[in-house]
Amino acid sequence: MSDHAKHERAPDENQPAEAVPERTEGSVGDDYEALIRLLKENEELKDRALRTAAEMENLRRRTARDVHDARSYAIANFARDMLSVSDNLRRALDAIPAEAKAAGDAGFRALIEGVDITERAMLSALERHGVKKLQPEGEKFDPNFHQAMFEVPTTNVPANTVVQVVQPGYSIGDRVLRPAMVGVAKGGPKAVNETPPPEPGPVDGQAETDA
């Protein structure tokens, strides 16, 4: 081989070598996708935390409401039974003729007074525990608290006004314990600026007999 050929094949030391790209762990696209994924996971965790906080708040409110109801209405069944006893005491007093009361001796009058005091003391004790007496005479008929026993034709008072209380009702808190048994006016004028009231419920024959 000639010296000229060797000279052509020899590399030029002054010519820069071809650059080789460096290897990286991931491309810019991979980093962007990882960032998007992390942001999405963060939003999901935040949303989950907010839902959990809301559920805990709802649970706290329900628990507080249940505790309040338990305190307010725990004696409802007992109070209802005691009202039956009070009714019997009142019936016993009402069954005594006025003449017998006047002509009775001191012992008989003391017995009557003792029964009357017992009835009033029982109702007073129930009232201290949230039981209130309903005496709706003259009020507008409310089917939530009153039970219509009969209708009274009259033009002196507005229609659907309670004109007679056959048996007083009782409530505990904002709930009816026993509806008042009432007579309702029929045929009178409607109250001024009053929307048509609900029709009285059907007459309860058995309740009227019990009264």
# chains A, B, ... in the order shown; residues from 1 in each chain; ligands from 1
call {"tool": "closest_atom_pairs", "arguments": {"of": "stretch 44-93 of chain A", "to": "stretch 34-40 of chain A", "cutoff": "12 Å", "atoms": "only C-alpha atoms", "output": "Markdown table"}}
result
| residue | atom | partner | partner_atom | distance |
| --- | --- | --- | --- | --- |
| A:Glu44 | CA | A:Lys40 | CA | 6.3 |
| A:Leu45 | CA | A:Lys40 | CA | 8.7 |
| A:Lys46 | CA | A:Lys40 | CA | 9.9 |
| A:Asp47 | CA | A:Lys40 | CA | 10.6 |
call {"tool": "residues_around", "arguments": {"residues": "A:Gln135", "least_positions_apart": "3", "cutoff": "9 Å", "atoms": "only C-alpha atoms", "output": "ChimeraX atom specification"}}
result
/A:139,165,167-170,180
call {"tool": "select_by_dssp", "arguments": {"residues": "stretch 112-161 of chain A", "states": "strand (DSSP E)", "output": "compact mmCIF listing (two decimals) with C-alpha atoms, in the first residue's frame"}}
result
# COMPACT_ATOMS: atom_id res chain seq x y z
CA VAL A 131 -96.21 16.24 79.11
CA LYS A 132 -98.63 19.08 78.36
CA LYS A 133 -102.41 19.09 78.45
CA LEU A 134 -104.32 20.04 75.28
CA HIS A 146 -107.30 16.66 67.68
CA GLN A 147 -109.70 13.83 66.92
CA ALA A 148 -113.13 14.87 65.68
CA MET A 149 -115.90 12.97 67.49
CA PHE A 150 -118.87 14.85 66.04
CA GLU A 151 -119.85 18.03 64.21
CA VAL A 152 -121.90 20.86 65.69
CA PRO A 153 -124.05 22.87 63.24
call {"tool": "residues_around", "arguments": {"residues": "A:Ala76", "least_positions_apart": "6", "cutoff": "10 Å", "atoms": "only C-alpha atoms", "output": "tab-separated table (two decimals) with N, CA and C atoms, in the first residue's frame"}}
result
chain	number	residue	atom	x	y	z
A	70	ALA	N	-84.27	10.41	72.81
A	70	ALA	CA	-84.33	9.41	73.88
A	70	ALA	C	-84.63	10.08	75.21
A	82	MET	N	-100.05	6.29	82.49
A	82	MET	CA	-100.45	7.09	83.65
A	82	MET	C	-101.65	7.97	83.33
A	129	HIS	N	-92.14	16.52	83.32
A	129	HIS	CA	-91.35	15.69	82.40
A	129	HIS	C	-91.74	15.95	80.94
A	130	GLY	N	-92.35	17.09	80.67
A	130	GLY	CA	-92.61	17.50	79.29
A	130	GLY	C	-93.98	17.15	78.75
A	131	VAL	N	-94.86	16.59	79.57
A	131	VAL	CA	-96.21	16.24	79.11
A	131	VAL	C	-97.13	17.44	79.33
A	171	SER	N	-99.66	16.18	74.87
A	171	SER	CA	-98.50	16.11	73.98
A	171	SER	C	-97.25	15.99	74.82
A	172	ILE	N	-96.20	15.46	74.20
A	172	ILE	CA	-94.89	15.40	74.84
A	172	ILE	C	-93.87	15.93	73.85
A	173	GLY	N	-93.20	17.00	74.22
A	173	GLY	CA	-92.34	17.66	73.25
A	173	GLY	C	-93.19	18.21	72.12
A	175	ARG	N	-94.60	16.13	69.93
A	175	ARG	CA	-95.36	14.98	69.46
A	175	ARG	C	-96.64	14.82	70.26
A	176	VAL	N	-97.67	14.35	69.58
A	176	VAL	CA	-98.92	14.11	70.27
A	176	VAL	C	-98.83	12.79	71.04
A	177	LEU	N	-99.19	12.86	72.30
A	177	LEU	CA	-99.21	11.67	73.14
A	177	LEU	C	-100.58	11.02	73.08
